[in-house]
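The file query-v4.csv contains CSV, C-alpha atoms:
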```
chain,number,residue,atom,x,y,z
A,1313,MET,CA,141.0,-89.1,150.9
A,1314,GLU,CA,137.9,-90.2,149.1
A,1315,PHE,CA,137.3,-88.4,145.7
A,1316,PHE,CA,133.8,-88.0,144.5
A,1317,ILE,CA,131.5,-85.6,142.6
A,1318,ASP,CA,127.8,-85.1,142.8
A,1319,ARG,CA,126.1,-84.8,139.3
A,1320,ASP,CA,122.9,-83.5,140.9
A,1321,LEU,CA,124.5,-80.3,142.0
A,1322,PRO,CA,124.2,-77.1,139.9
A,1323,VAL,CA,128.0,-76.9,140.0
A,1324,PRO,CA,130.4,-77.8,137.1
A,1325,LEU,CA,132.3,-81.0,137.6
A,1326,ARG,CA,135.6,-79.2,137.2
A,1327,THR,CA,134.6,-76.8,140.0
A,1328,GLN,CA,133.6,-79.6,142.2
A,1329,LEU,CA,136.8,-81.5,141.8
A,1330,HIS,CA,138.9,-78.4,142.3
A,1331,GLY,CA,137.0,-77.5,145.5
A,1332,LEU,CA,137.2,-81.1,146.8
A,1333,ILE,CA,141.0,-81.2,146.5
A,1334,GLU,CA,141.4,-77.6,147.8
A,1335,TYR,CA,139.2,-78.4,150.8
A,1336,GLY,CA,141.1,-81.7,151.4
A,1337,ILE,CA,144.4,-79.7,151.6
A,1338,ALA,CA,142.9,-77.0,153.8
A,1339,CYS,CA,141.3,-79.4,156.3
A,1340,GLY,CA,144.4,-81.7,156.5
A,1341,GLU,CA,143.0,-84.7,154.7
A,1342,LEU,CA,145.7,-84.2,152.1
A,1343,ILE,CA,149.0,-83.4,153.8
A,1344,PRO,CA,152.1,-81.8,152.3
A,1345,GLY,CA,154.1,-84.4,150.3
A,1346,GLU,CA,151.1,-86.8,149.8
A,1347,ALA,CA,150.8,-88.2,146.3
A,1348,LEU,CA,147.6,-87.5,144.3
A,1349,PRO,CA,146.1,-90.1,141.8
A,1350,SER,CA,147.3,-89.8,138.2
A,1351,VAL,CA,145.2,-87.9,135.8
A,1352,ARG,CA,143.9,-91.1,134.1
A,1353,GLU,CA,143.4,-92.9,137.4
A,1354,LEU,CA,141.4,-90.1,139.0
A,1355,ALA,CA,139.3,-89.6,135.8
A,1356,GLU,CA,138.3,-93.2,135.7
A,1357,LYS,CA,137.6,-93.2,139.5
A,1358,ILE,CA,135.1,-90.3,139.4
A,1359,GLY,CA,133.8,-90.8,135.9
A,1360,VAL,CA,135.0,-87.6,134.1
A,1361,ALA,CA,137.1,-86.9,131.1
A,1362,PRO,CA,140.9,-86.9,131.7
A,1363,MET,CA,141.0,-83.4,130.3
A,1364,THR,CA,138.8,-82.2,133.2
A,1365,VAL,CA,141.3,-83.7,135.8
A,1366,SER,CA,144.2,-82.3,133.9
A,1367,GLN,CA,142.7,-78.8,133.9
A,1368,VAL,CA,142.0,-79.0,137.6
A,1369,TYR,CA,145.6,-80.1,138.3
A,1370,ALA,CA,146.9,-77.3,136.2
A,1371,ASP,CA,144.8,-74.7,138.1
A,1372,LEU,CA,145.9,-76.1,141.5
A,1373,LYS,CA,149.5,-76.1,140.4
A,1374,ALA,CA,149.2,-72.5,139.4
A,1375,GLU,CA,147.8,-71.7,142.8
A,1376,GLY,CA,150.8,-73.4,144.5
A,1377,LEU,CA,148.7,-76.1,146.1
A,1378,ILE,CA,150.2,-79.1,144.2
A,1379,ASP,CA,153.3,-79.8,142.2
A,1380,ALA,CA,154.1,-82.3,139.4
A,1381,ARG,CA,157.4,-84.1,139.5
A,1382,PRO,CA,158.4,-85.7,136.2
A,1383,GLY,CA,158.5,-89.4,136.5
A,1384,SER,CA,157.2,-89.4,140.1
A,1385,GLY,CA,153.7,-88.0,140.0
A,1386,THR,CA,151.7,-85.2,141.5
A,1387,PHE,CA,152.1,-84.2,145.1
A,1388,VAL,CA,150.6,-81.8,147.7
A,1389,THR,CA,152.9,-78.9,148.3
A,1390,ASP,CA,153.8,-77.2,151.6
A,1391,SER,CA,151.4,-74.4,150.9
A,1392,LEU,CA,149.8,-71.8,153.2
A,1393,GLN,CA,146.5,-73.8,153.1
A,1394,ALA,CA,148.2,-76.9,154.1
A,1395,ARG,CA,149.9,-75.2,157.0
A,1396,LEU,CA,146.6,-73.7,158.1
A,1397,ALA,CA,145.1,-77.1,158.3
A,1398,GLY,CA,146.8,-77.8,161.6
A,1399,ARG,CA,145.5,-74.7,163.3
A,1400,SER,CA,142.8,-75.1,165.9
A,1401,ASP,CA,140.7,-72.2,164.5
A,1402,GLN,CA,140.7,-73.9,161.0
A,1403,THR,CA,139.5,-77.1,162.7
A,1404,ASN,CA,136.7,-75.2,164.4
A,1405,LEU,CA,135.7,-73.7,161.1
A,1406,HIS,CA,135.4,-77.1,159.5
A,1407,ARG,CA,133.3,-78.2,162.4
A,1408,HIS,CA,131.0,-75.3,161.9
A,1409,ILE,CA,130.7,-76.2,158.2
A,1410,ASP,CA,129.9,-79.8,159.0
A,1411,ALA,CA,127.3,-78.7,161.5
A,1412,LEU,CA,125.7,-76.5,158.9
A,1413,ILE,CA,125.5,-79.4,156.5
A,1414,GLU,CA,123.9,-81.6,159.1
A,1415,GLU,CA,121.5,-78.9,160.1
A,1416,SER,CA,120.5,-78.4,156.4
A,1417,ARG,CA,119.8,-82.1,156.1
A,1418,ALA,CA,117.7,-82.1,159.2
A,1419,LEU,CA,115.6,-79.3,157.6
A,1420,GLY,CA,115.1,-81.3,154.5
A,1421,ILE,CA,117.4,-79.0,152.3
A,1422,ARG,CA,118.9,-80.9,149.4
A,1423,SER,CA,122.6,-80.7,148.7
A,1424,ALA,CA,122.1,-78.7,145.6
A,1425,GLU,CA,119.9,-76.2,147.4
A,1426,PHE,CA,122.4,-75.9,150.3
A,1427,VAL,CA,125.3,-75.2,147.9
A,1428,SER,CA,123.2,-72.5,146.2
A,1429,LEU,CA,122.3,-71.0,149.5
A,1430,VAL,CA,125.9,-70.8,150.6
A,1431,SER,CA,127.0,-69.4,147.3
A,1432,SER,CA,124.4,-66.7,147.3
A,1433,ARG,CA,125.2,-65.8,150.9
A,1434,VAL,CA,128.9,-65.5,150.1
A,1435,PHE,CA,128.1,-63.3,147.1
A,1436,TYR,CA,126.0,-61.1,149.4
A,1437,ARG,CA,128.7,-60.7,152.0
A,1438,GLU,CA,131.3,-60.0,149.5
A,1439,SER,CA,129.1,-57.4,147.9
A,1440,LEU,CA,129.1,-55.5,151.2
A,1441,GLY,CA,132.8,-55.2,151.1
A,1442,GLN,CA,135.3,-55.8,153.9
A,1443,ARG,CA,134.0,-54.7,157.3
A,1444,MET,CA,135.9,-53.7,160.3
A,1445,ARG,CA,135.2,-56.2,163.2
A,1446,ILE,CA,134.7,-54.6,166.6
A,1447,VAL,CA,133.9,-56.5,169.8
A,1448,MET,CA,132.1,-54.9,172.8
A,1449,ILE,CA,133.4,-56.7,175.9
A,1450,GLY,CA,131.3,-56.3,179.0
A,1451,LEU,CA,130.1,-58.2,182.0
A,1452,PHE,CA,126.5,-59.3,181.3
A,1453,PRO,CA,125.2,-60.7,178.0
A,1454,GLU,CA,122.0,-58.7,177.7
A,1455,ALA,CA,123.5,-55.3,178.7
A,1456,THR,CA,126.6,-55.9,176.6
A,1457,ALA,CA,124.4,-56.8,173.6
A,1458,SER,CA,122.6,-53.5,174.0
A,1459,TYR,CA,125.9,-51.6,174.1
A,1460,ALA,CA,127.0,-53.3,170.9
A,1461,ARG,CA,123.8,-52.4,169.1
A,1462,PHE,CA,124.0,-48.8,170.2
A,1463,ILE,CA,127.6,-48.5,169.0
A,1464,ALA,CA,126.8,-50.3,165.7
A,1465,ALA,CA,123.9,-47.9,165.1
A,1466,ARG,CA,126.3,-44.9,165.6
A,1467,LEU,CA,129.0,-46.3,163.3
A,1468,GLY,CA,126.6,-47.5,160.5
A,1469,LYS,CA,127.6,-49.7,157.6
A,1470,GLY,CA,131.2,-50.8,157.1
A,1471,VAL,CA,131.5,-51.9,160.7
A,1472,THR,CA,130.2,-55.0,162.6
A,1473,VAL,CA,130.0,-54.9,166.4
A,1474,GLU,CA,129.8,-58.2,168.3
A,1475,SER,CA,129.0,-58.4,172.0
A,1476,LEU,CA,131.1,-60.7,174.2
A,1477,THR,CA,131.4,-61.0,178.0
A,1478,ILE,CA,134.6,-61.3,180.0
A,1479,SER,CA,133.4,-64.6,181.5
A,1480,ALA,CA,132.7,-66.1,178.1
A,1481,ILE,CA,136.2,-65.2,176.9
A,1482,GLU,CA,137.7,-66.7,180.0
A,1483,ARG,CA,136.0,-70.0,179.8
A,1484,ASP,CA,135.6,-70.6,176.1
A,1485,ARG,CA,138.5,-71.0,173.7
A,1486,GLU,CA,136.5,-70.3,170.6
A,1487,THR,CA,135.1,-67.1,172.1
A,1488,ARG,CA,138.6,-66.1,173.1
A,1489,ALA,CA,139.8,-66.7,169.5
A,1490,ARG,CA,136.9,-64.5,168.1
A,1491,ALA,CA,137.9,-61.7,170.5
A,1492,ASN,CA,141.6,-62.0,169.6
A,1493,SER,CA,140.8,-61.9,165.9
A,1494,ALA,CA,138.8,-58.7,166.1
A,1495,ASP,CA,140.2,-55.4,164.8
A,1496,LEU,CA,139.2,-53.5,167.9
A,1497,ALA,CA,137.8,-54.2,171.4
A,1498,ILE,CA,135.8,-51.8,173.5
A,1499,THR,CA,135.3,-52.1,177.2
A,1500,PHE,CA,134.9,-50.1,180.5
A,1501,ALA,CA,137.8,-48.1,181.9
A,1502,ASN,CA,137.9,-50.1,185.1
A,1503,ARG,CA,138.2,-53.4,183.0
A,1504,HIS,CA,140.8,-52.2,180.5
A,1505,ARG,CA,143.8,-54.1,182.1
A,1506,GLU,CA,141.8,-57.3,182.5
A,1507,VAL,CA,140.5,-57.2,179.0
A,1508,ALA,CA,143.8,-56.3,177.5
A,1509,THR,CA,145.3,-59.4,179.2
A,1510,LEU,CA,142.6,-61.6,177.8
A,1511,VAL,CA,142.9,-60.3,174.2
A,1512,PRO,CA,146.6,-59.5,173.7
A,1513,ASN,CA,146.2,-59.6,169.9
A,1514,THR,CA,143.5,-57.0,169.7
A,1515,LYS,CA,143.7,-53.2,170.3
A,1516,VAL,CA,141.6,-52.4,173.4
A,1517,VAL,CA,140.1,-48.9,174.0
A,1518,THR,CA,137.7,-47.6,176.7
A,1519,ILE,CA,134.8,-45.2,176.5
A,1520,SER,CA,132.5,-43.7,179.0
A,1521,PHE,CA,129.0,-45.0,179.7
A,1522,THR,CA,126.2,-42.8,180.9
A,1523,PRO,CA,122.7,-43.7,182.2
A,1524,SER,CA,120.5,-44.5,179.1
A,1525,GLU,CA,117.8,-42.2,177.9
A,1526,GLU,CA,115.2,-44.7,179.1
A,1527,THR,CA,116.7,-44.9,182.5
A,1528,ARG,CA,116.8,-41.1,182.8
A,1529,MET,CA,113.2,-40.8,181.8
A,1530,ALA,CA,112.0,-43.5,184.2
A,1531,LEU,CA,113.8,-41.8,187.1
A,1532,ALA,CA,112.6,-38.3,186.2
A,1533,SER,CA,109.0,-39.6,186.2
A,1534,LEU,CA,109.1,-41.1,189.7
A,1535,ASP,CA,106.6,-40.0,192.3
A,1536,SER,CA,108.2,-37.6,194.7
A,1537,LEU,CA,106.7,-39.7,197.6
A,1538,ALA,CA,108.1,-43.0,196.3
A,1539,SER,CA,110.2,-45.1,198.6
A,1540,ILE,CA,113.1,-46.3,196.6
A,1541,ALA,CA,115.6,-49.2,197.0
A,1542,VAL,CA,118.7,-49.1,194.9
A,1543,VAL,CA,120.3,-52.5,194.4
A,1544,SER,CA,123.7,-53.3,192.8
A,1545,ARG,CA,125.5,-56.6,192.3
A,1546,PHE,CA,128.9,-55.0,192.9
A,1547,PRO,CA,129.5,-53.0,196.1
A,1548,ASP,CA,131.9,-50.5,194.4
A,1549,PHE,CA,129.2,-49.5,192.0
A,1550,LEU,CA,126.5,-48.9,194.6
A,1551,PRO,CA,127.6,-45.4,195.5
A,1552,ILE,CA,127.9,-44.3,191.9
A,1553,MET,CA,124.5,-45.8,191.1
A,1554,LYS,CA,122.7,-44.1,194.1
A,1555,ALA,CA,124.3,-40.8,193.2
A,1556,GLY,CA,123.0,-41.2,189.7
A,1557,VAL,CA,119.5,-41.9,191.0
A,1558,GLN,CA,119.7,-38.8,193.2
A,1559,ARG,CA,120.9,-36.8,190.2
A,1560,PHE,CA,118.1,-37.8,187.8
A,1561,ALA,CA,115.4,-38.0,190.5
A,1562,PRO,CA,116.3,-35.1,192.8
A,1563,HIS,CA,112.6,-34.7,193.8
A,1564,VAL,CA,112.7,-38.1,195.6
A,1565,SER,CA,114.0,-38.1,199.2
A,1566,GLU,CA,113.7,-41.7,200.4
A,1567,ILE,CA,116.4,-43.8,198.8
A,1568,ALA,CA,118.0,-46.9,200.4
A,1569,GLY,CA,121.0,-48.7,198.9
A,1570,ALA,CA,122.0,-52.3,199.1
A,1571,THR,CA,123.9,-55.1,197.3
A,1572,LEU,CA,122.7,-58.6,196.6
A,1573,GLU,CA,124.8,-59.7,199.6
A,1574,THR,CA,123.5,-57.0,202.0
A,1575,SER,CA,122.1,-58.4,205.2
A,1576,GLY,CA,118.4,-57.6,205.5
A,1577,LEU,CA,118.0,-57.1,201.7
A,1578,ASP,CA,114.5,-58.6,201.8
A,1579,GLU,CA,113.4,-56.1,204.4
A,1580,ILE,CA,114.7,-53.2,202.3
A,1581,ILE,CA,112.9,-54.5,199.2
A,1582,ALA,CA,109.7,-55.1,201.2
A,1583,HIS,CA,109.7,-51.5,202.4
A,1584,ALA,CA,110.2,-50.0,198.9
A,1585,ASN,CA,107.5,-49.5,196.3
A,1586,VAL,CA,110.2,-48.8,193.6
A,1587,VAL,CA,113.3,-51.0,193.2
A,1588,ILE,CA,116.0,-49.8,190.9
A,1589,PHE,CA,118.5,-52.5,190.1
A,1590,ALA,CA,121.8,-52.4,188.2
A,1591,SER,CA,122.4,-54.6,185.2
A,1592,GLY,CA,123.5,-58.0,186.6
A,1593,ALA,CA,121.2,-57.8,189.6
A,1594,GLU,CA,118.0,-58.9,187.8
A,1595,GLU,CA,117.4,-61.7,190.3
A,1596,VAL,CA,116.2,-59.1,192.8
A,1597,THR,CA,113.0,-58.6,190.7
A,1598,SER,CA,111.7,-62.0,191.8
A,1599,ARG,CA,111.7,-60.7,195.4
A,1600,LEU,CA,109.5,-57.6,194.9
A,1601,ARG,CA,106.4,-57.1,196.9
A,1602,ARG,CA,103.1,-57.1,195.0
A,1603,GLY,CA,102.5,-53.9,193.1
A,1604,ALA,CA,106.2,-52.7,193.4
A,1605,GLN,CA,107.8,-51.1,190.3
A,1606,ALA,CA,111.1,-52.4,189.0
A,1607,ILE,CA,113.5,-50.2,187.0
A,1608,GLU,CA,116.8,-51.3,185.5
A,1609,TYR,CA,119.5,-48.8,185.9
A,1610,ARG,CA,120.9,-49.4,182.3
A,1611,HIS,CA,123.8,-47.5,180.8
A,1612,ALA,CA,124.5,-46.6,177.2
A,1613,PRO,CA,127.8,-45.7,175.5
A,1614,ASP,CA,128.6,-42.1,175.6
A,1615,VAL,CA,128.0,-40.7,172.1
A,1616,ALA,CA,130.8,-38.1,172.4
A,1617,ASP,CA,133.3,-40.8,173.3
A,1618,ILE,CA,132.2,-42.9,170.3
A,1619,GLU,CA,133.0,-40.0,168.0
A,1620,ARG,CA,136.1,-39.0,169.9
A,1621,VAL,CA,137.7,-42.4,170.5
A,1622,ILE,CA,136.2,-45.0,168.1
A,1623,LEU,CA,135.4,-43.1,164.9
A,1624,PRO,CA,139.1,-42.0,164.3
A,1625,ILE,CA,140.2,-45.6,164.6
A,1626,VAL,CA,137.5,-46.8,162.2
A,1627,ARG,CA,138.2,-44.1,159.7
A,1628,ALA,CA,142.0,-44.8,159.8
A,1629,ALA,CA,141.2,-48.4,159.1
A,1630,GLY,CA,139.1,-47.5,156.1
A,1631,GLY,CA,135.9,-48.6,157.6
A,1632,LEU,CA,134.1,-45.3,157.1
A,1633,PRO,CA,134.5,-42.4,154.8
A,1634,PRO,CA,135.4,-39.1,156.5
A,1635,SER,CA,131.9,-37.7,156.3
A,1636,ALA,CA,130.1,-41.0,157.3
A,1637,THR,CA,128.6,-39.6,160.5
A,1638,GLU,CA,128.8,-35.9,159.9
A,1639,ASN,CA,125.5,-34.1,160.5
A,1640,THR,CA,123.9,-37.3,161.6
A,1641,SER,CA,124.5,-37.1,165.4
A,1642,PRO,CA,121.7,-35.6,167.5
A,1643,LYS,CA,122.6,-32.8,169.8
A,1644,ARG,CA,124.1,-34.2,173.0
A,1645,VAL,CA,121.9,-33.4,175.9
A,1646,SER,CA,123.4,-33.6,179.4
A,1647,ALA,CA,121.6,-35.0,182.3
A,1648,MET,CA,121.5,-31.5,183.9
A,1649,ASP,CA,119.6,-30.2,180.8
A,1650,LYS,CA,116.8,-32.7,181.3
```

Hey, can you dump this file as structure tokens for me?
Amino acid sequence: MEFFIDRDLPVPLRTQLHGLIEYGIACGELIPGEALPSVRELAEKIGVAPMTVSQVYADLKAEGLIDARPGSGTFVTDSLQARLAGRSDQTNLHRHIDALIEESRALGIRSAEFVSLVSSRVFYRESLGQRMRIVMIGLFPEATASYARFIAARLGKGVTVESLTISAIERDRETRARANSADLAITFANRHREVATLVPNTKVVTISFTPSEETRMALASLDSLASIAVVSRFPDFLPIMKAGVQRFAPHVSEIAGATLETSGLDEIIAHANVVIFASGAEEVTSRLRRGAQAIEYRHAPDVADIERVILPIVRAAGGLPPSATENTSPKRVSAMDK
């Protein structure tokens, strides 16, 4: 491993050397049992006082990262950091760090400025305290992201909610690792078994989803004479979706249903002046006739289920105080009340 320090950085030399060796152990450049240079040898190599190297070695020894053997020298110990160096997720982290360094250089950010930026960001994140990590696992990126934002807004500070799709977890090892390292995963009831298999290290819960407020309002405002085409990507969702349209737009009588694979879909769309499509069937909007209206049948997490299923888990984990959401939830209004 190459030992060096940068005197242009606003970081003490002792801190730099300590971080250099610690990083070398964590990333596998310094392996357990490997000998380190002597105090005098390293001091001469990097141009610092022997006392500085001696203090760094003492600190690293106190942390269990290195050990001095009388008459033999100083060696890297078989520490947790050293063992972590061989893990794939640690390797991925190092790649991310290296990519950030390269990105900062491309933006013209000097090393000193980059270190200050990272330090200030670390301080900011630590000032927020430890947060519970939740992943919302759905089918389509945009819709799943909206679910995650909705849940995060309900839970407030102390919790982060990331959106991931089942397909991304299946095809990408890094995404799968993020999902498996979360404290909690939320998904649909009919996907519970599939998601639980994909993320065996994470607790998986399901909540109900109801048509969003925007969807309800759009359906309620439809002209009673409108000719509607309801289009779903999945055949098994089409009956549920059509029933929902009929429920929130009972004044409309002409409603045709189809999937993206339905024979004659173009004719059905051509006859309609309003096309209501399910999330994931957005491609149908490119086939609308001139002047036709498109409405996405978007769902939103059920507020009552967030409070009944998710909040107790978050509070038990210490993510929220017992009164965090008391008296902040709007009155739940059912579709029948609208």

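Atom CA of A:Gly1576 to atom CA of A:Asn1502 spans 29.2 Å [interatomic distance, one decimal].
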
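Put simply, atom CA of A:Met1444 is 4.8 Å away from atom CA of A:Val1471.
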
Completion exercise
One residue among A:Ser1539, A:Ile1567, A:Asp1484, A:Tyr1335 is nearest to A:Pro1551 when using all atoms listed in the file, and that residue is A:Ile1567

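Atom CA of A:Ser1493 is found 23.6 Å from atom CA of A:Asp1617.
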
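Within the 9 Å cut-off around A:Val1596, using all atoms listed in the file and omitting residues fewer than 3 positions from it on the same chain, the listed residues are Val1543, Leu1572, Ile1581, Val1587, Phe1589, Ala1593, Arg1599 and Leu1600 of chain A.
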
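With all atoms listed in the file as the atoms that count, the minimum distance from A:Thr1472 to the choices A:Ala1489, A:Met1448, A:Ala1355, A:Ala1455 is reached by A:Met1448.
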
Output: stretch 1608-1618 of chain A of the preceding structure, restricted to all heavy atoms, written as a tab-separated table (two decimals), in the first residue's frame.
```tsv
chain	number	residue	atom	x	y	z
A	1608	GLU	N	-54.92	8.60	-15.16
A	1608	GLU	CA	-54.25	7.45	-14.55
A	1608	GLU	C	-55.02	7.02	-13.31
A	1608	GLU	O	-55.35	7.84	-12.45
A	1608	GLU	CB	-52.81	7.78	-14.17
A	1608	GLU	CG	-52.10	6.56	-13.54
A	1608	GLU	CD	-50.65	6.85	-13.19
A	1608	GLU	OE1	-50.22	8.01	-13.33
A	1608	GLU	OE2	-49.95	5.91	-12.79
A	1609	TYR	N	-55.30	5.73	-13.24
A	1609	TYR	CA	-56.00	5.18	-12.07
A	1609	TYR	C	-54.92	4.86	-11.03
A	1609	TYR	O	-54.45	3.75	-10.92
A	1609	TYR	CB	-56.77	3.93	-12.47
A	1609	TYR	CG	-57.76	3.43	-11.43
A	1609	TYR	CD1	-59.04	3.97	-11.38
A	1609	TYR	CD2	-57.42	2.43	-10.54
A	1609	TYR	CE1	-59.98	3.51	-10.45
A	1609	TYR	CE2	-58.34	1.96	-9.61
A	1609	TYR	CZ	-59.62	2.51	-9.56
A	1609	TYR	OH	-60.52	2.05	-8.64
A	1610	ARG	N	-54.49	5.90	-10.31
A	1610	ARG	CA	-53.39	5.79	-9.36
A	1610	ARG	C	-53.92	5.49	-7.96
A	1610	ARG	O	-54.90	6.06	-7.52
A	1610	ARG	CB	-52.57	7.08	-9.36
A	1610	ARG	CG	-51.45	7.16	-8.33
A	1610	ARG	CD	-50.33	6.19	-8.63
A	1610	ARG	NE	-49.65	6.51	-9.88
A	1610	ARG	CZ	-48.66	7.39	-10.00
A	1610	ARG	NH1	-48.25	8.09	-8.97
A	1610	ARG	NH2	-48.07	7.57	-11.17
A	1611	HIS	N	-53.23	4.59	-7.27
A	1611	HIS	CA	-53.60	4.26	-5.90
A	1611	HIS	C	-52.72	5.04	-4.92
A	1611	HIS	O	-51.71	5.63	-5.29
A	1611	HIS	CB	-53.44	2.77	-5.63
A	1611	HIS	CG	-54.57	1.94	-6.15
A	1611	HIS	ND1	-54.73	1.67	-7.50
A	1611	HIS	CD2	-55.59	1.32	-5.52
A	1611	HIS	CE1	-55.81	0.92	-7.66
A	1611	HIS	NE2	-56.35	0.70	-6.48
A	1612	ALA	N	-53.11	5.01	-3.67
A	1612	ALA	CA	-52.32	5.59	-2.58
A	1612	ALA	C	-52.43	4.66	-1.38
A	1612	ALA	O	-53.46	3.98	-1.21
A	1612	ALA	CB	-52.84	6.98	-2.22
A	1613	PRO	N	-51.40	4.58	-0.56
A	1613	PRO	CA	-51.46	3.73	0.64
A	1613	PRO	C	-52.61	4.16	1.54
A	1613	PRO	O	-52.89	5.35	1.69
A	1613	PRO	CB	-50.10	3.97	1.32
A	1613	PRO	CG	-49.21	4.39	0.19
A	1613	PRO	CD	-50.07	5.22	-0.72
A	1614	ASP	N	-53.27	3.19	2.12
A	1614	ASP	CA	-54.39	3.47	3.02
A	1614	ASP	C	-53.85	4.07	4.32
A	1614	ASP	O	-53.02	3.47	5.00
A	1614	ASP	CB	-55.15	2.18	3.31
A	1614	ASP	CG	-56.43	2.43	4.08
A	1614	ASP	OD1	-56.34	2.70	5.29
A	1614	ASP	OD2	-57.51	2.34	3.48
A	1615	VAL	N	-54.32	5.26	4.67
A	1615	VAL	CA	-53.84	5.96	5.87
A	1615	VAL	C	-54.08	5.14	7.12
A	1615	VAL	O	-53.22	5.06	8.01
A	1615	VAL	CB	-54.52	7.34	5.99
A	1615	VAL	CG1	-54.18	7.99	7.31
A	1615	VAL	CG2	-54.11	8.24	4.84
A	1616	ALA	N	-55.24	4.51	7.21
A	1616	ALA	CA	-55.56	3.72	8.40
A	1616	ALA	C	-54.59	2.56	8.56
A	1616	ALA	O	-54.19	2.21	9.68
A	1616	ALA	CB	-57.00	3.20	8.31
A	1617	ASP	N	-54.20	1.94	7.45
A	1617	ASP	CA	-53.26	0.82	7.52
A	1617	ASP	C	-51.86	1.29	7.91
A	1617	ASP	O	-51.11	0.57	8.58
A	1617	ASP	CB	-53.21	0.08	6.18
A	1617	ASP	CG	-54.16	-1.10	6.14
A	1617	ASP	OD1	-54.99	-1.21	7.07
A	1617	ASP	OD2	-54.10	-1.90	5.19
A	1618	ILE	N	-51.47	2.49	7.46
A	1618	ILE	CA	-50.17	3.03	7.88
A	1618	ILE	C	-50.13	3.17	9.39
A	1618	ILE	O	-49.15	2.80	10.05
A	1618	ILE	CB	-49.91	4.40	7.21
A	1618	ILE	CG1	-49.74	4.22	5.70
A	1618	ILE	CG2	-48.67	5.06	7.81
A	1618	ILE	CD1	-49.58	5.53	4.95
```
